[in-house]
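Engineer: Contents are mmCIF, C-alpha atoms; file name final18.cif:
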data_structure
#
loop_
_atom_site.label_atom_id
_atom_site.label_comp_id
_atom_site.auth_asym_id
_atom_site.auth_seq_id
_atom_site.Cartn_x
_atom_site.Cartn_y
_atom_site.Cartn_z
CA MET A 1 0.00 0.00 0.00
CA ALA A 2 1.39 3.39 -1.01
CA LEU A 3 2.39 5.83 1.69
CA THR A 4 0.65 9.20 1.88
CA ALA A 5 2.36 12.60 1.65
CA ALA A 6 1.86 13.10 5.41
CA GLU A 7 3.62 9.80 6.14
CA TYR A 8 6.53 10.75 3.87
CA LEU A 9 6.72 14.17 5.53
CA ALA A 10 6.99 12.51 8.96
CA GLN A 11 9.76 10.23 7.66
CA LEU A 12 11.69 13.15 6.12
CA GLN A 13 11.40 15.19 9.32
CA ALA A 14 12.62 12.20 11.34
CA LEU A 15 15.80 12.18 9.23
CA LEU A 16 16.65 15.79 10.14
CA PRO A 17 19.36 16.31 12.75
CA PRO A 18 18.27 17.72 16.11
CA GLY A 19 18.58 21.42 16.77
CA ALA A 20 16.83 24.78 16.55
CA ALA A 21 18.02 25.37 12.98
CA TRP A 22 15.93 22.45 11.73
CA ARG A 23 12.42 23.71 12.43
CA ARG A 24 9.65 21.16 12.10
CA ASP A 25 6.64 23.36 12.87
CA VAL A 26 3.84 23.82 10.31
CA GLY A 27 4.40 26.77 8.00
CA SER A 28 8.18 26.94 8.34
CA ALA A 29 10.20 27.15 5.11
CA LEU A 30 11.89 23.81 5.81
CA THR A 31 8.56 22.05 6.46
CA GLU A 32 7.08 23.49 3.23
CA PHE A 33 10.13 22.29 1.29
CA LEU A 34 9.93 18.81 2.84
CA ASN A 35 6.17 18.75 2.20
CA ALA A 36 6.79 19.36 -1.53
CA LEU A 37 9.28 16.47 -1.56
CA ALA A 38 6.83 14.27 0.37
CA GLU A 39 4.03 14.92 -2.13
CA GLU A 40 6.28 13.89 -5.03
CA LEU A 41 7.47 10.78 -3.18
CA ALA A 42 3.83 9.85 -2.47
CA ARG A 43 2.93 10.36 -6.15
CA ILE A 44 5.83 8.13 -7.24
CA ASP A 45 4.82 5.51 -4.66
CA GLN A 46 1.25 5.48 -6.01
CA ARG A 47 2.52 5.08 -9.60
CA VAL A 48 4.76 2.17 -8.52
CA GLU A 49 1.75 0.50 -6.91
CA ALA A 50 -0.26 1.08 -10.10
CA LEU A 51 2.60 -0.44 -12.11
CA LEU A 52 2.37 -3.59 -10.00
CA ASN A 53 -1.31 -3.85 -10.96
CA GLU A 54 -0.36 -3.33 -14.61
CA SER A 55 2.08 -6.25 -14.44
CA ASP A 56 -0.88 -8.63 -13.95
CA PRO A 57 -2.97 -9.18 -17.11
CA ARG A 58 -6.07 -9.76 -14.96
CA THR A 59 -5.92 -6.19 -13.56
CA THR A 60 -4.13 -4.22 -16.29
CA TYR A 61 -5.70 -1.08 -17.68
CA GLU A 62 -3.03 1.36 -18.88
CA LEU A 63 -0.84 -1.36 -20.42
CA LEU A 64 -3.71 -3.47 -21.83
CA ALA A 65 -2.83 -2.54 -25.43
CA ASP A 66 0.81 -3.54 -24.85
CA TRP A 67 -0.23 -6.86 -23.29
CA GLU A 68 -2.54 -7.51 -26.25
CA ARG A 69 0.24 -6.72 -28.75
CA VAL A 70 2.57 -9.20 -27.04
CA ALA A 71 -0.15 -11.90 -26.97
CA GLY A 72 -1.14 -11.36 -30.62
CA LEU A 73 -4.47 -9.75 -29.84
CA PRO A 74 -6.87 -8.62 -31.09
CA ASP A 75 -7.22 -11.49 -33.50
CA PRO A 76 -10.07 -12.34 -35.90
CA CYS A 77 -11.84 -14.15 -33.04
CA THR A 78 -11.98 -11.04 -30.83
CA PRO A 79 -15.09 -8.88 -31.22
CA ALA A 80 -14.26 -5.32 -32.29
CA ASP A 81 -16.53 -3.78 -29.64
CA ALA A 82 -15.24 -5.84 -26.69
CA SER A 83 -15.31 -4.23 -23.26
CA ILE A 84 -12.20 -3.87 -21.07
CA GLU A 85 -13.24 -6.95 -19.06
CA GLU A 86 -13.80 -9.02 -22.21
CA ARG A 87 -10.42 -7.93 -23.56
CA ARG A 88 -8.75 -8.90 -20.27
CA LEU A 89 -10.50 -12.29 -20.33
CA SER A 90 -9.30 -12.92 -23.90
CA LEU A 91 -5.79 -11.90 -22.87
CA VAL A 92 -5.71 -14.19 -19.83
CA GLN A 93 -7.09 -17.09 -21.87
CA ARG A 94 -4.47 -16.55 -24.56
CA LEU A 95 -1.63 -16.41 -22.02
CA THR A 96 -2.74 -19.38 -19.91
CA MET A 97 -4.12 -21.69 -22.59
CA LEU A 98 -2.08 -24.87 -22.88
CA GLY A 99 -3.85 -26.40 -25.86
CA GLY A 100 -4.94 -29.93 -26.53
CA ALA A 101 -6.73 -32.24 -28.90
CA SER A 102 -8.92 -34.23 -26.53
CA ARG A 103 -12.67 -34.12 -26.06
CA GLN A 104 -12.20 -32.79 -22.53
CA TYR A 105 -10.05 -29.92 -23.76
CA PHE A 106 -12.76 -28.66 -26.14
CA ILE A 107 -15.52 -29.24 -23.57
CA ALA A 108 -13.55 -27.16 -21.03
CA LEU A 109 -12.87 -24.53 -23.70
CA ALA A 110 -16.59 -24.28 -24.46
CA ALA A 111 -17.33 -23.93 -20.73
CA SER A 112 -14.78 -21.11 -20.41
CA LEU A 113 -16.50 -19.32 -23.31
CA GLY A 114 -19.92 -19.52 -21.65
CA TYR A 115 -21.23 -22.91 -22.80
CA PRO A 116 -21.24 -25.31 -19.85
CA GLY A 117 -22.40 -28.85 -20.52
CA ALA A 118 -21.05 -29.08 -24.08
CA THR A 119 -20.37 -32.50 -25.58
CA VAL A 120 -18.33 -33.77 -28.52
CA THR A 121 -19.55 -36.21 -31.18
CA GLU A 122 -16.99 -37.98 -33.33
CA PHE A 123 -18.08 -39.43 -36.68
CA ARG A 124 -16.70 -42.73 -37.92
CA PRO A 125 -17.37 -44.54 -41.18
CA PHE A 126 -19.75 -47.48 -41.10
CA THR A 127 -17.79 -50.75 -41.22
CA CYS A 128 -18.53 -54.43 -40.73
CA VAL A 129 -17.88 -54.09 -36.98
CA SER A 130 -20.22 -51.11 -36.55
CA GLU A 131 -23.39 -51.34 -34.49
CA CYS A 132 -26.73 -51.52 -36.29
CA GLU A 133 -27.75 -48.08 -34.96
CA ASP A 134 -24.56 -46.36 -36.21
CA SER A 135 -24.92 -43.79 -38.97
CA LEU A 136 -23.89 -44.62 -42.53
CA THR A 137 -21.11 -42.07 -42.97
CA GLN A 138 -19.04 -43.21 -45.95
CA ALA A 139 -17.46 -39.94 -47.13
CA PRO A 140 -13.66 -39.98 -46.82
CA ASP A 141 -13.63 -36.80 -44.67
CA TRP A 142 -15.95 -38.17 -41.97
CA PRO A 143 -13.20 -39.92 -39.98
CA HIS A 144 -11.69 -36.46 -39.46
CA THR A 145 -14.95 -34.69 -38.65
CA TRP A 146 -16.31 -34.01 -35.19
CA GLN A 147 -19.14 -31.95 -33.79
CA LEU A 148 -19.21 -29.66 -30.78
CA ASN A 149 -22.69 -29.86 -29.25
CA LEU A 150 -23.63 -26.72 -27.33
CA ALA A 151 -26.63 -26.83 -25.02
CA GLU A 152 -27.57 -23.21 -25.57
CA THR A 153 -28.52 -21.34 -28.74
CA ARG A 154 -27.42 -17.71 -29.00
CA ILE A 155 -29.91 -15.64 -30.97
CA THR A 156 -29.07 -12.14 -32.25
CA ASN A 157 -31.96 -9.95 -33.39
CA MET A 158 -31.71 -7.12 -35.89
CA THR A 159 -31.66 -3.71 -34.21
CA GLY A 160 -32.65 -0.28 -35.46
CA VAL A 161 -29.01 0.54 -36.20
CA SER A 162 -28.35 -2.61 -38.25
CA ALA A 163 -27.53 -2.41 -41.93
CA CYS A 164 -30.37 -2.76 -44.41
CA ASN A 165 -29.08 -6.09 -45.68
CA ALA A 166 -28.54 -7.51 -42.16
CA ALA A 167 -30.43 -10.66 -41.21
CA LEU A 168 -33.57 -10.18 -39.14
CA ARG A 169 -32.30 -12.84 -36.77
CA SER A 170 -29.15 -14.93 -36.63
CA TRP A 171 -28.22 -18.00 -34.64
CA GLY A 172 -24.83 -19.09 -33.44
CA ASP A 173 -21.80 -17.55 -31.79
CA PHE A 174 -18.98 -16.24 -33.95
CA THR A 175 -16.51 -16.11 -31.05
CA ILE A 176 -16.70 -19.76 -29.98
CA GLU A 177 -16.73 -20.98 -33.59
CA CYS A 178 -13.67 -18.90 -34.44
CA VAL A 179 -11.72 -19.96 -31.33
CA VAL A 180 -12.53 -23.67 -31.76
CA ARG A 181 -11.65 -23.58 -35.47
CA ARG A 182 -8.34 -21.89 -34.65
CA LEU A 183 -7.47 -24.47 -31.96
CA ARG A 184 -8.81 -27.66 -33.57
CA PRO A 185 -6.34 -30.26 -34.82
CA ALA A 186 -5.29 -29.22 -38.32
CA GLN A 187 -6.45 -32.40 -40.08
CA THR A 188 -10.00 -32.21 -38.71
CA HIS A 189 -13.25 -30.51 -39.65
CA VAL A 190 -15.54 -29.25 -36.90
CA LEU A 191 -19.30 -28.77 -36.96
CA PHE A 192 -21.35 -26.86 -34.38
CA ALA A 193 -24.75 -27.93 -33.06
CA TYR A 194 -26.63 -25.39 -30.95
CA GLY A 195 -29.37 -26.43 -28.58
CA ALA A 196 -28.13 -30.01 -28.70
#
Could you quickly redo this structure as structure tokens?

Structural biologist:
Amino acid sequence: MALTAAEYLAQLQALLPPGAAWRRDVGSALTEFLNALAEELARIDQRVEALLNESDPRTTYELLADWERVAGLPDPCTPADASIEERRLSLVQRLTMLGGASRQYFIALAASLGYPGATVTEFRPFTCVSECEDSLTQAPDWPHTWQLNLAETRITNMTGVSACNAALRSWGDFTIECVVRRLRPAQTHVLFAYGA
């Protein structure tokens, strides 16, 4: 916690040698001089404390743009009108994300983006050892296709400030689709099912 100007003034006065020449009473020239020094020291102390907050991406404000530049943000998956909190969340996710190719990784990723309870469906071609209820997926790309099932459907309605050619209503979530497509294994195709 930063010291106040009064606390710095008391410290500076305590450093003075004893004697009548070193007046410590309010209004003396020496006290006014030390008070000016104390105010500057308090200001510097407050800026140092603020710098400590800026060194943490979860609390940064003044250095947010620098943090984003280092992390490669904003990227195509970041909304242009994101709030400070949303930008911080994207930054922390980018810096702490380890990556992965498992079902659990993408389920956890969906939960962190606001879709708890997501599931993953993997498609496999129908073979002689398949179950009778299995789907007949014979296309060569199906072994590399999977589907992220999201329990919630995000609906965006047209507003009065929308463009004339904008859809009256749209379904889906650009952010999660962009992030999952960026992080998916390169040889795979991903589909999204909302309300599943």

Engineer: Got a sec to check which residues sit within 9 Å of (7.8, 11.3, -2.9), counting all atoms listed in the file, and write them as a ChimeraX atom specification?

Structural biologist: /A:3-5,8-9,36-45

Engineer: Since I can't run it myself right now, could you work out what the PyMOL selection byres ((chain A and resi 87-99) around 9) selects here and report it as a list in words?

Structural biologist: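 What the PyMOL selection byres ((chain A and resi 87-99) around 9) grabs from the file is Pro57, Arg58, Thr59, Thr60, Tyr61, Leu64, Trp67, Glu68, Ala71, Gly72, Leu73, Pro74, Thr78, Ala82, Ser83, Ile84, Glu85, Glu86, Gly100, Ala101, Tyr105, Ser112 and Leu183 of chain A.
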
Engineer: Can you pull out every residue within 10 Å of region 117-133 of chain A, counting only C-alpha atoms, but drop anything in the same chain fewer than 4 positions away, and send it as a ChimeraX atom specification?

Structural biologist: /A:102-104,106-111,137-152,190-196

Engineer: Report, in Å with one decimal, the straight-line distance from CA of Cys164 (chain A) to CA of Arg181 (chain A).

Structural biologist: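 According to the coordinates, CA of Cys164 (chain A) and CA of Arg181 (chain A) are separated by 29.4 Å.
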
Engineer: I need the output of the PyMOL selection byres ((chain A and resi 175) around 10) for this file as a VMD selection string; which residues are they?

Structural biologist: chain A and resid 76 to 79 113 172 to 174 176 to 181

Engineer: Could you turn the residues from that selection into a file that holds C-alpha atoms, as a CSV table (one decimal), keeping the file's coordinate frame?

Structural biologist:
chain,number,residue,atom,x,y,z
A,76,PRO,CA,-10.1,-12.3,-35.9
A,77,CYS,CA,-11.8,-14.2,-33.0
A,78,THR,CA,-12.0,-11.0,-30.8
A,79,PRO,CA,-15.1,-8.9,-31.2
A,113,LEU,CA,-16.5,-19.3,-23.3
A,172,GLY,CA,-24.8,-19.1,-33.4
A,173,ASP,CA,-21.8,-17.6,-31.8
A,174,PHE,CA,-19.0,-16.2,-34.0
A,176,ILE,CA,-16.7,-19.8,-30.0
A,177,GLU,CA,-16.7,-21.0,-33.6
A,178,CYS,CA,-13.7,-18.9,-34.4
A,179,VAL,CA,-11.7,-20.0,-31.3
A,180,VAL,CA,-12.5,-23.7,-31.8
A,181,ARG,CA,-11.6,-23.6,-35.5

Engineer: Go ahead and compute the interatomic distance for CA of Pro18 (chain A) and CA of Phe33 (chain A), in Å to one decimal.

Structural biologist: 17.5 Å
